[in-house]
Amino acid sequence: MSNLIDIFYRFLLLGLVSFGGPIAHIAYFKKTFVDKLKWLDDESYTKIVALSQFLPGPSSSQVGFTIGLRRGGIWGAILAFIAFTLPSFIFLYLIWYFGILQNDSIYVNSIIYALKLFAVVVVLDATLSMFKSFCKDKITIAIFFLASILLIFFSSVFNQIFVLFLCAIFGFLFIKSEIKTKEKIVSPNFLILSIFLALLFLAFSYEFKNELLNLFFDFYKSGSLVFGGGHVVLPLLQESLGEKIINDTFLVAYSLAQTVSGPMFTIATYLGADIIKESPFLGAIIATFGIFLGGFLLILSFYKSFESFSKNEKLLRVIKAINTGVVALLFATLINTIIPSAVYSIFDAVLVLIGFILVKYLKVNIFYIILGFIFIFSIKAFFV
């Protein structure tokens with residue numbers, strides 16, 4: 001019991017202070033659990049991070065979930081997730097509940113405008129960073145451009161899945177892996193994998209009469225198909241939820257998820273509360289649970305077999321191409337949805353450029369940039 005309490009305590013502290021997105025979270029985890037507490041060594045931690053990158057789902061939360069799993073079994077994993085997610089869940093729910101950004105005043109509208117514009121900065125930075133990481137040669141760059149064209153001109157959830165599948169085929173056929181060893185692949189946990197696939201089948205095949213069930217499966221579907229972490233969940237959620245939520249609410253929720261510490265997937269908290277307005281707390285819990293569940297089921301499915309997977313040449317080629325397709329998905333979302341919904345003038349475009357420079361090259365904390373954007377648009381509203 002003391003071990004489980006310690007897991008909860010450590011992850012709660014991290015949930016309160018871990019700003020900066022998935023990559024920063026991974027650094028926080030290493031400093032805490034590898035360097036300070038010695039819960040695991042560098043090699044073991046690197047394998048956990050690699051597993052989270054190979055599987056769809058909330059990458060940094062999957063790392064935390066796996067550390068909890070190693071330390072305290074399934075209850076340790078669950079407590080690690082709850083503790084790390086709780087601060088951002090509470091904050092985003094309270095923001096929605098008290099309607100802080102829902103009052104129809106010029107100052108509230110200016111804050112919403114600022115948050116939407118900041119979302120452009122974040123997605124632009126994420127797209128360029130991921131392009132640099134995953135599109136390093138002629139083949140991956142070609143896959144990126146082909147996938148981008150298909151996603152920009154033919155936008156739907158099914159097309160997104162088709163494009164990622166097409167990328168996987170191209171990767172298998174054309175990408176050369178630097179690793180030449182061929183390990184025998186150890187079987188995953190097929191029982192848990194079957195549960196994951198069955199839920200995914202239900203999510204795509206049925207429209208339930210119960211609103212809460214539909215909410216769960218909408219978020220489960222999106223969270224289960226996301227390669228690349230929190231940034232990439234936006235387009236999948238938009239397509240999955242359709243007219244259940246307006247685009248402005250999407251971008252505000254996205255910016256808020258960027259602002260708070262903890263996992264970006266808690267965007268589901270705000271959106272779930274907004275969709276189920278008659279029972280917002282229940283909606284927030286179900287949406288949050290749904291968006292995380294698929295990624296955690298995959299961890300439980302592949303955790304013990306991943307070491308052999310990580311040394312398989314054919315699988316590495318496929319994963320490399322899928323990562324390239326993810327970059328294209330993020331780029332297409334930026335072009336089709338985020339920029340048209342937020343940038344309305346040259347002033348907006350210049351502000352986005354300045355914000356991008358501050359984030360990308362000057363490494364200014366995103367919290368200060370958000371405050372700066374809000375201050376600028378508040379002043380602008382005052383003089384209008």
# chains A, B, ... in the order shown; residues from 1 in each chain; ligands from 1
$ select_by_dssp --residues "stretch 74-280 of chain A" --states "helix (DSSP H, G or I)" --output "number ranges by chain"
A: 74-97, 106-134, 138-153, 157-174, 190-205, 211-224, 230-244, 247-259, 264-275, 280
$ residues_around --residues "stretch 233-249 of chain A" --least-positions-apart "3" --cutoff "7 Å" --atoms "only C-alpha atoms" --output "PyMOL selection string"
chain A and resi 156-157+218+222-223+226+230+252-253+275+333
$ write_last_selection --atoms "N, CA and C atoms" --output "PDB file, in the first residue's frame"
ATOM      1  N   SER A 156     -11.391  13.289 -44.277  1.00  0.00           N
ATOM      2  CA  SER A 156     -12.348  12.512 -43.500  1.00  0.00           C
ATOM      3  C   SER A 156     -11.566  11.566 -42.605  1.00  0.00           C
ATOM      4  N   VAL A 157     -12.238  11.019 -41.588  1.00  0.00           N
ATOM      5  CA  VAL A 157     -11.569  10.073 -40.701  1.00  0.00           C
ATOM      6  C   VAL A 157     -11.118   8.844 -41.466  1.00  0.00           C
ATOM      7  N   ASP A 218     -16.745   7.924 -29.278  1.00  0.00           N
ATOM      8  CA  ASP A 218     -16.170   9.003 -30.100  1.00  0.00           C
ATOM      9  C   ASP A 218     -14.744   9.321 -29.644  1.00  0.00           C
ATOM     10  N   SER A 222     -10.824   8.239 -31.347  1.00  0.00           N
ATOM     11  CA  SER A 222      -9.780   9.227 -31.625  1.00  0.00           C
ATOM     12  C   SER A 222      -8.494   8.926 -30.869  1.00  0.00           C
ATOM     13  N   GLY A 223      -8.616   8.630 -29.581  1.00  0.00           N
ATOM     14  CA  GLY A 223      -7.434   8.361 -28.774  1.00  0.00           C
ATOM     15  C   GLY A 223      -6.706   7.101 -29.177  1.00  0.00           C
ATOM     16  N   VAL A 226      -4.272   7.723 -32.648  1.00  0.00           N
ATOM     17  CA  VAL A 226      -3.361   8.857 -32.724  1.00  0.00           C
ATOM     18  C   VAL A 226      -1.911   8.417 -32.589  1.00  0.00           C
ATOM     19  N   GLY A 230      -0.447  14.355 -28.322  1.00  0.00           N
ATOM     20  CA  GLY A 230      -1.568  15.266 -28.177  1.00  0.00           C
ATOM     21  C   GLY A 230      -1.858  16.159 -29.351  1.00  0.00           C
ATOM     22  N   VAL A 252     -10.263  26.671 -28.571  1.00  0.00           N
ATOM     23  CA  VAL A 252     -10.106  27.173 -27.205  1.00  0.00           C
ATOM     24  C   VAL A 252      -9.675  26.037 -26.275  1.00  0.00           C
ATOM     25  N   ALA A 253     -10.336  24.879 -26.381  1.00  0.00           N
ATOM     26  CA  ALA A 253      -9.982  23.728 -25.556  1.00  0.00           C
ATOM     27  C   ALA A 253      -8.546  23.288 -25.829  1.00  0.00           C
ATOM     28  N   ILE A 275     -20.186  18.940 -24.399  1.00  0.00           N
ATOM     29  CA  ILE A 275     -21.126  18.132 -25.180  1.00  0.00           C
ATOM     30  C   ILE A 275     -22.290  17.653 -24.308  1.00  0.00           C
ATOM     31  N   THR A 333      -4.241  19.460 -41.247  1.00  0.00           N
ATOM     32  CA  THR A 333      -5.136  20.088 -40.271  1.00  0.00           C
ATOM     33  C   THR A 333      -4.817  21.568 -40.116  1.00  0.00           C
TER      34      THR A 333
END
$ closest_residue --among "A:Leu353, A:Thr259, A:Phe165, A:Tyr303" --to "A:Phe190" --atoms "only C-alpha atoms"
A:Tyr303
$ residues_around --residues "stretch 111-127 of chain A" --least-positions-apart "3" --cutoff "8 Å" --atoms "only C-alpha atoms" --output "ChimeraX atom specification"
/A:101,107-108,130-131,231,248,251-252,254-256,327,330-331,334,338-339,341-343,348,352-353,355-356,359-360,370,373-374,377-378
$ closest_residue --among "A:Asn189, A:Asn109, A:Thr324, A:Ser44" --to "A:Ala142" --atoms "only C-alpha atoms"
A:Thr324
$ residues_around --residues "A:Leu193" --least-positions-apart "6" --cutoff "7 Å" --atoms "only C-alpha atoms" --output "NGL selection string"
:A and (297-298 or 301)
$ residues_around --residues "A:Thr46" --least-positions-apart "5" --cutoff "12 Å" --atoms "only C-alpha atoms" --output "MDAnalysis selection string"
chainID A and resid 26:27 29:30 34 40:41 51:53 63 66:67 307 310
$ write_last_selection --atoms "N, CA, C and O atoms" --output "short mmCIF file (atom, residue, chain, number, x, y, z; two decimals), in the first residue's frame"
data_model
loop_
_atom_site.label_atom_id
_atom_site.label_comp_id
_atom_site.auth_asym_id
_atom_site.auth_seq_id
_atom_site.Cartn_x
_atom_site.Cartn_y
_atom_site.Cartn_z
N ILE A 26 8.36 13.62 -20.88
CA ILE A 26 9.31 12.51 -20.89
C ILE A 26 10.60 12.90 -20.19
O ILE A 26 11.21 12.10 -19.47
N ALA A 27 11.01 14.15 -20.37
CA ALA A 27 12.20 14.64 -19.67
C ALA A 27 11.97 14.71 -18.16
O ALA A 27 12.84 14.35 -17.36
N PHE A 29 9.88 12.86 -16.44
CA PHE A 29 9.85 11.49 -15.95
C PHE A 29 11.27 10.94 -15.76
O PHE A 29 11.56 10.27 -14.76
N LYS A 30 12.14 11.20 -16.72
CA LYS A 30 13.51 10.69 -16.63
C LYS A 30 14.22 11.28 -15.41
O LYS A 30 14.88 10.57 -14.64
N VAL A 34 14.33 8.07 -13.12
CA VAL A 34 15.61 7.44 -13.46
C VAL A 34 16.75 8.07 -12.67
O VAL A 34 17.50 7.38 -11.97
N LEU A 40 14.07 2.85 -12.20
CA LEU A 40 14.51 2.07 -13.35
C LEU A 40 15.76 2.69 -13.94
O LEU A 40 16.07 3.85 -13.66
N ASP A 41 16.49 1.92 -14.75
CA ASP A 41 17.74 2.44 -15.32
C ASP A 41 17.49 3.08 -16.68
O ASP A 41 16.38 3.04 -17.22
N LEU A 51 8.51 2.29 -26.80
CA LEU A 51 7.21 1.61 -26.88
C LEU A 51 6.08 2.62 -27.06
O LEU A 51 5.18 2.43 -27.89
N SER A 52 6.12 3.70 -26.30
CA SER A 52 5.07 4.71 -26.40
C SER A 52 5.07 5.41 -27.75
O SER A 52 4.03 5.86 -28.23
N GLN A 53 6.24 5.49 -28.41
CA GLN A 53 6.32 6.12 -29.71
C GLN A 53 5.83 5.17 -30.82
O GLN A 53 5.30 5.61 -31.83
N VAL A 63 3.98 6.48 -21.17
CA VAL A 63 5.24 6.30 -20.45
C VAL A 63 4.97 6.25 -18.95
O VAL A 63 5.45 5.36 -18.23
N THR A 66 3.25 3.03 -17.94
CA THR A 66 4.16 1.89 -17.94
C THR A 66 5.09 1.90 -16.73
O THR A 66 5.39 0.85 -16.14
N ILE A 67 5.56 3.09 -16.35
CA ILE A 67 6.40 3.19 -15.14
C ILE A 67 5.61 2.73 -13.92
O ILE A 67 6.10 1.98 -13.07
N GLU A 307 10.27 -5.67 -26.70
CA GLU A 307 11.71 -5.71 -26.96
C GLU A 307 12.02 -6.44 -28.26
O GLU A 307 12.88 -6.00 -29.04
N SER A 310 10.93 -4.20 -31.20
CA SER A 310 11.78 -3.03 -31.44
C SER A 310 13.03 -3.36 -32.24
O SER A 310 13.73 -2.45 -32.69
#
$ residues_around --residues "stretch 277-287 of chain A" --least-positions-apart "4" --cutoff "7 Å" --atoms "only C-alpha atoms" --output "JSON, numbers by chain"
{"A": [215, 216, 219, 268, 269, 270, 272, 273, 291]}
$ residues_around --residues "A:Ile143" --least-positions-apart "3" --cutoff "7 Å" --atoms "only C-alpha atoms" --output "compact mmCIF listing (two decimals) with N, CA, C and O atoms, in the first residue's frame"
# COMPACT_ATOMS: atom_id res chain seq x y z
N ILE A 139 12.79 9.46 -49.61
CA ILE A 139 11.61 8.59 -49.55
C ILE A 139 10.58 9.13 -48.56
O ILE A 139 9.39 9.26 -48.88
N THR A 140 11.01 9.46 -47.35
CA THR A 140 10.07 9.95 -46.34
C THR A 140 9.51 11.31 -46.72
O THR A 140 8.34 11.60 -46.45
N LEU A 146 2.95 13.27 -50.67
CA LEU A 146 1.81 12.52 -51.20
C LEU A 146 0.69 12.45 -50.17
O LEU A 146 -0.49 12.70 -50.50
N ALA A 147 1.03 12.13 -48.95
CA ALA A 147 0.02 12.04 -47.89
C ALA A 147 -0.64 13.40 -47.64
O ALA A 147 -1.85 13.48 -47.44
N CYS A 167 0.77 4.81 -46.23
CA CYS A 167 2.14 5.14 -45.79
C CYS A 167 2.86 3.90 -45.29
O CYS A 167 4.05 3.69 -45.58
N THR A 324 5.80 9.53 -40.67
CA THR A 324 5.79 10.53 -41.73
C THR A 324 4.36 10.91 -42.10
O THR A 324 4.06 12.09 -42.32
$ closest_residue --among "A:Leu16, A:Leu315, A:Ala349, A:Ile369" --to "A:Phe91" --atoms "only C-alpha atoms"
A:Leu16
$ closest_residue --among "A:Gly262, A:Phe84, A:Leu4, A:Trp39" --to "A:Gly72" --atoms "only C-alpha atoms"
A:Leu4
$ closest_residue --among "A:Lys138, A:Lys221, A:Lys176, A:Lys363" --to "A:Ala198" --atoms "only C-alpha atoms"
A:Lys221
$ atom_distance --atom1 "atom CA of A:Gly68" --atom2 "atom CA of A:Phe201"
28.6 Å
$ decode --residues "stretch 246-261 of chain A" --atoms "all heavy atoms" --output "PDB file, in the first residue's frame"
ATOM      1  N   ILE A 246     -18.616  23.028 -31.787  1.00  0.00           N
ATOM      2  CA  ILE A 246     -18.219  24.001 -32.795  1.00  0.00           C
ATOM      3  C   ILE A 246     -16.700  24.154 -32.829  1.00  0.00           C
ATOM      4  O   ILE A 246     -16.012  23.865 -31.859  1.00  0.00           O
ATOM      5  CB  ILE A 246     -18.893  25.376 -32.541  1.00  0.00           C
ATOM      6  CG1 ILE A 246     -18.469  25.953 -31.187  1.00  0.00           C
ATOM      7  CG2 ILE A 246     -20.395  25.261 -32.629  1.00  0.00           C
ATOM      8  CD1 ILE A 246     -18.980  27.357 -30.945  1.00  0.00           C
ATOM      9  N   ASN A 247     -16.201  24.648 -33.954  1.00  0.00           N
ATOM     10  CA  ASN A 247     -14.756  24.710 -34.145  1.00  0.00           C
ATOM     11  C   ASN A 247     -14.076  25.665 -33.168  1.00  0.00           C
ATOM     12  O   ASN A 247     -12.955  25.405 -32.704  1.00  0.00           O
ATOM     13  CB  ASN A 247     -14.448  25.138 -35.582  1.00  0.00           C
ATOM     14  CG  ASN A 247     -13.013  24.860 -35.957  1.00  0.00           C
ATOM     15  OD1 ASN A 247     -12.552  23.728 -35.866  1.00  0.00           O
ATOM     16  ND2 ASN A 247     -12.305  25.895 -36.379  1.00  0.00           N
ATOM     17  N   ASP A 248     -14.730  26.775 -32.845  1.00  0.00           N
ATOM     18  CA  ASP A 248     -14.135  27.723 -31.898  1.00  0.00           C
ATOM     19  C   ASP A 248     -13.904  27.067 -30.536  1.00  0.00           C
ATOM     20  O   ASP A 248     -12.876  27.296 -29.885  1.00  0.00           O
ATOM     21  CB  ASP A 248     -15.050  28.943 -31.722  1.00  0.00           C
ATOM     22  CG  ASP A 248     -14.917  29.922 -32.876  1.00  0.00           C
ATOM     23  OD1 ASP A 248     -14.135  29.631 -33.806  1.00  0.00           O
ATOM     24  OD2 ASP A 248     -15.602  30.954 -32.865  1.00  0.00           O
ATOM     25  N   THR A 249     -14.854  26.265 -30.089  1.00  0.00           N
ATOM     26  CA  THR A 249     -14.693  25.555 -28.822  1.00  0.00           C
ATOM     27  C   THR A 249     -13.521  24.589 -28.886  1.00  0.00           C
ATOM     28  O   THR A 249     -12.760  24.440 -27.921  1.00  0.00           O
ATOM     29  CB  THR A 249     -15.985  24.789 -28.480  1.00  0.00           C
ATOM     30  OG1 THR A 249     -17.068  25.713 -28.411  1.00  0.00           O
ATOM     31  CG2 THR A 249     -15.852  24.066 -27.142  1.00  0.00           C
ATOM     32  N   PHE A 250     -13.362  23.943 -30.048  1.00  0.00           N
ATOM     33  CA  PHE A 250     -12.215  23.063 -30.251  1.00  0.00           C
ATOM     34  C   PHE A 250     -10.905  23.795 -30.010  1.00  0.00           C
ATOM     35  O   PHE A 250     -10.028  23.325 -29.283  1.00  0.00           O
ATOM     36  CB  PHE A 250     -12.224  22.533 -31.690  1.00  0.00           C
ATOM     37  CG  PHE A 250     -12.516  21.080 -31.778  1.00  0.00           C
ATOM     38  CD1 PHE A 250     -13.737  20.633 -32.249  1.00  0.00           C
ATOM     39  CD2 PHE A 250     -11.579  20.153 -31.372  1.00  0.00           C
ATOM     40  CE1 PHE A 250     -14.011  19.279 -32.322  1.00  0.00           C
ATOM     41  CE2 PHE A 250     -11.840  18.805 -31.451  1.00  0.00           C
ATOM     42  CZ  PHE A 250     -13.064  18.361 -31.927  1.00  0.00           C
ATOM     43  N   LEU A 251     -10.738  24.914 -30.670  1.00  0.00           N
ATOM     44  CA  LEU A 251      -9.465  25.618 -30.609  1.00  0.00           C
ATOM     45  C   LEU A 251      -9.206  26.208 -29.223  1.00  0.00           C
ATOM     46  O   LEU A 251      -8.063  26.236 -28.751  1.00  0.00           O
ATOM     47  CB  LEU A 251      -9.425  26.716 -31.676  1.00  0.00           C
ATOM     48  CG  LEU A 251      -9.428  26.212 -33.122  1.00  0.00           C
ATOM     49  CD1 LEU A 251      -9.400  27.383 -34.101  1.00  0.00           C
ATOM     50  CD2 LEU A 251      -8.251  25.287 -33.382  1.00  0.00           C
ATOM     51  N   VAL A 252     -10.263  26.671 -28.571  1.00  0.00           N
ATOM     52  CA  VAL A 252     -10.106  27.173 -27.205  1.00  0.00           C
ATOM     53  C   VAL A 252      -9.675  26.037 -26.275  1.00  0.00           C
ATOM     54  O   VAL A 252      -8.737  26.182 -25.471  1.00  0.00           O
ATOM     55  CB  VAL A 252     -11.420  27.809 -26.700  1.00  0.00           C
ATOM     56  CG1 VAL A 252     -11.345  28.077 -25.203  1.00  0.00           C
ATOM     57  CG2 VAL A 252     -11.687  29.118 -27.442  1.00  0.00           C
ATOM     58  N   ALA A 253     -10.336  24.879 -26.381  1.00  0.00           N
ATOM     59  CA  ALA A 253      -9.982  23.728 -25.556  1.00  0.00           C
ATOM     60  C   ALA A 253      -8.546  23.288 -25.829  1.00  0.00           C
ATOM     61  O   ALA A 253      -7.801  22.935 -24.911  1.00  0.00           O
ATOM     62  CB  ALA A 253     -10.948  22.579 -25.820  1.00  0.00           C
ATOM     63  N   TYR A 254      -8.163  23.327 -27.081  1.00  0.00           N
ATOM     64  CA  TYR A 254      -6.806  22.924 -27.467  1.00  0.00           C
ATOM     65  C   TYR A 254      -5.767  23.855 -26.846  1.00  0.00           C
ATOM     66  O   TYR A 254      -4.751  23.417 -26.311  1.00  0.00           O
ATOM     67  CB  TYR A 254      -6.685  22.927 -28.985  1.00  0.00           C
ATOM     68  CG  TYR A 254      -5.348  22.469 -29.504  1.00  0.00           C
ATOM     69  CD1 TYR A 254      -4.965  21.142 -29.406  1.00  0.00           C
ATOM     70  CD2 TYR A 254      -4.473  23.366 -30.098  1.00  0.00           C
ATOM     71  CE1 TYR A 254      -3.742  20.713 -29.886  1.00  0.00           C
ATOM     72  CE2 TYR A 254      -3.252  22.950 -30.588  1.00  0.00           C
ATOM     73  CZ  TYR A 254      -2.892  21.617 -30.481  1.00  0.00           C
ATOM     74  OH  TYR A 254      -1.673  21.207 -30.952  1.00  0.00           O
ATOM     75  N   SER A 255      -6.028  25.145 -26.905  1.00  0.00           N
ATOM     76  CA  SER A 255      -5.100  26.110 -26.321  1.00  0.00           C
ATOM     77  C   SER A 255      -5.035  25.971 -24.807  1.00  0.00           C
ATOM     78  O   SER A 255      -3.960  26.083 -24.208  1.00  0.00           O
ATOM     79  CB  SER A 255      -5.514  27.534 -26.703  1.00  0.00           C
ATOM     80  OG  SER A 255      -5.320  27.766 -28.080  1.00  0.00           O
ATOM     81  N   LEU A 256      -6.181  25.733 -24.175  1.00  0.00           N
ATOM     82  CA  LEU A 256      -6.189  25.543 -22.728  1.00  0.00           C
ATOM     83  C   LEU A 256      -5.395  24.297 -22.334  1.00  0.00           C
ATOM     84  O   LEU A 256      -4.651  24.303 -21.350  1.00  0.00           O
ATOM     85  CB  LEU A 256      -7.630  25.419 -22.221  1.00  0.00           C
ATOM     86  CG  LEU A 256      -8.445  26.711 -22.196  1.00  0.00           C
ATOM     87  CD1 LEU A 256      -9.900  26.411 -21.867  1.00  0.00           C
ATOM     88  CD2 LEU A 256      -7.861  27.693 -21.181  1.00  0.00           C
ATOM     89  N   ALA A 257      -5.553  23.225 -23.110  1.00  0.00           N
ATOM     90  CA  ALA A 257      -4.801  22.002 -22.833  1.00  0.00           C
ATOM     91  C   ALA A 257      -3.306  22.240 -22.968  1.00  0.00           C
ATOM     92  O   ALA A 257      -2.500  21.599 -22.297  1.00  0.00           O
ATOM     93  CB  ALA A 257      -5.259  20.890 -23.776  1.00  0.00           C
ATOM     94  N   GLN A 258      -2.930  23.179 -23.849  1.00  0.00           N
ATOM     95  CA  GLN A 258      -1.522  23.557 -23.986  1.00  0.00           C
ATOM     96  C   GLN A 258      -1.043  24.338 -22.766  1.00  0.00           C
ATOM     97  O   GLN A 258       0.123  24.242 -22.377  1.00  0.00           O
ATOM     98  CB  GLN A 258      -1.337  24.451 -25.224  1.00  0.00           C
ATOM     99  CG  GLN A 258      -1.496  23.744 -26.543  1.00  0.00           C
ATOM    100  CD  GLN A 258      -0.286  22.913 -26.883  1.00  0.00           C
ATOM    101  OE1 GLN A 258       0.832  23.264 -26.511  1.00  0.00           O
ATOM    102  NE2 GLN A 258      -0.488  21.810 -27.552  1.00  0.00           N
ATOM    103  N   THR A 259      -1.935  25.105 -22.184  1.00  0.00           N
ATOM    104  CA  THR A 259      -1.552  26.023 -21.109  1.00  0.00           C
ATOM    105  C   THR A 259      -1.280  25.298 -19.801  1.00  0.00           C
ATOM    106  O   THR A 259      -0.345  25.637 -19.078  1.00  0.00           O
ATOM    107  CB  THR A 259      -2.676  27.062 -20.884  1.00  0.00           C
ATOM    108  OG1 THR A 259      -2.989  27.687 -22.115  1.00  0.00           O
ATOM    109  CG2 THR A 259      -2.247  28.107 -19.882  1.00  0.00           C
ATOM    110  N   VAL A 260      -2.106  24.308 -19.489  1.00  0.00           N
ATOM    111  CA  VAL A 260      -2.003  23.656 -18.186  1.00  0.00           C
ATOM    112  C   VAL A 260      -0.893  22.611 -18.194  1.00  0.00           C
ATOM    113  O   VAL A 260      -0.411  22.191 -19.242  1.00  0.00           O
ATOM    114  CB  VAL A 260      -3.347  22.994 -17.801  1.00  0.00           C
ATOM    115  CG1 VAL A 260      -4.446  24.031 -17.741  1.00  0.00           C
ATOM    116  CG2 VAL A 260      -3.707  21.883 -18.786  1.00  0.00           C
ATOM    117  N   SER A 261      -0.492  22.195 -16.995  1.00  0.00           N
ATOM    118  CA  SER A 261       0.464  21.097 -16.874  1.00  0.00           C
ATOM    119  C   SER A 261      -0.257  19.782 -17.130  1.00  0.00           C
ATOM    120  O   SER A 261      -1.487  19.709 -17.126  1.00  0.00           O
ATOM    121  CB  SER A 261       1.083  21.103 -15.478  1.00  0.00           C
ATOM    122  OG  SER A 261       0.072  20.934 -14.502  1.00  0.00           O
TER     123      SER A 261
END
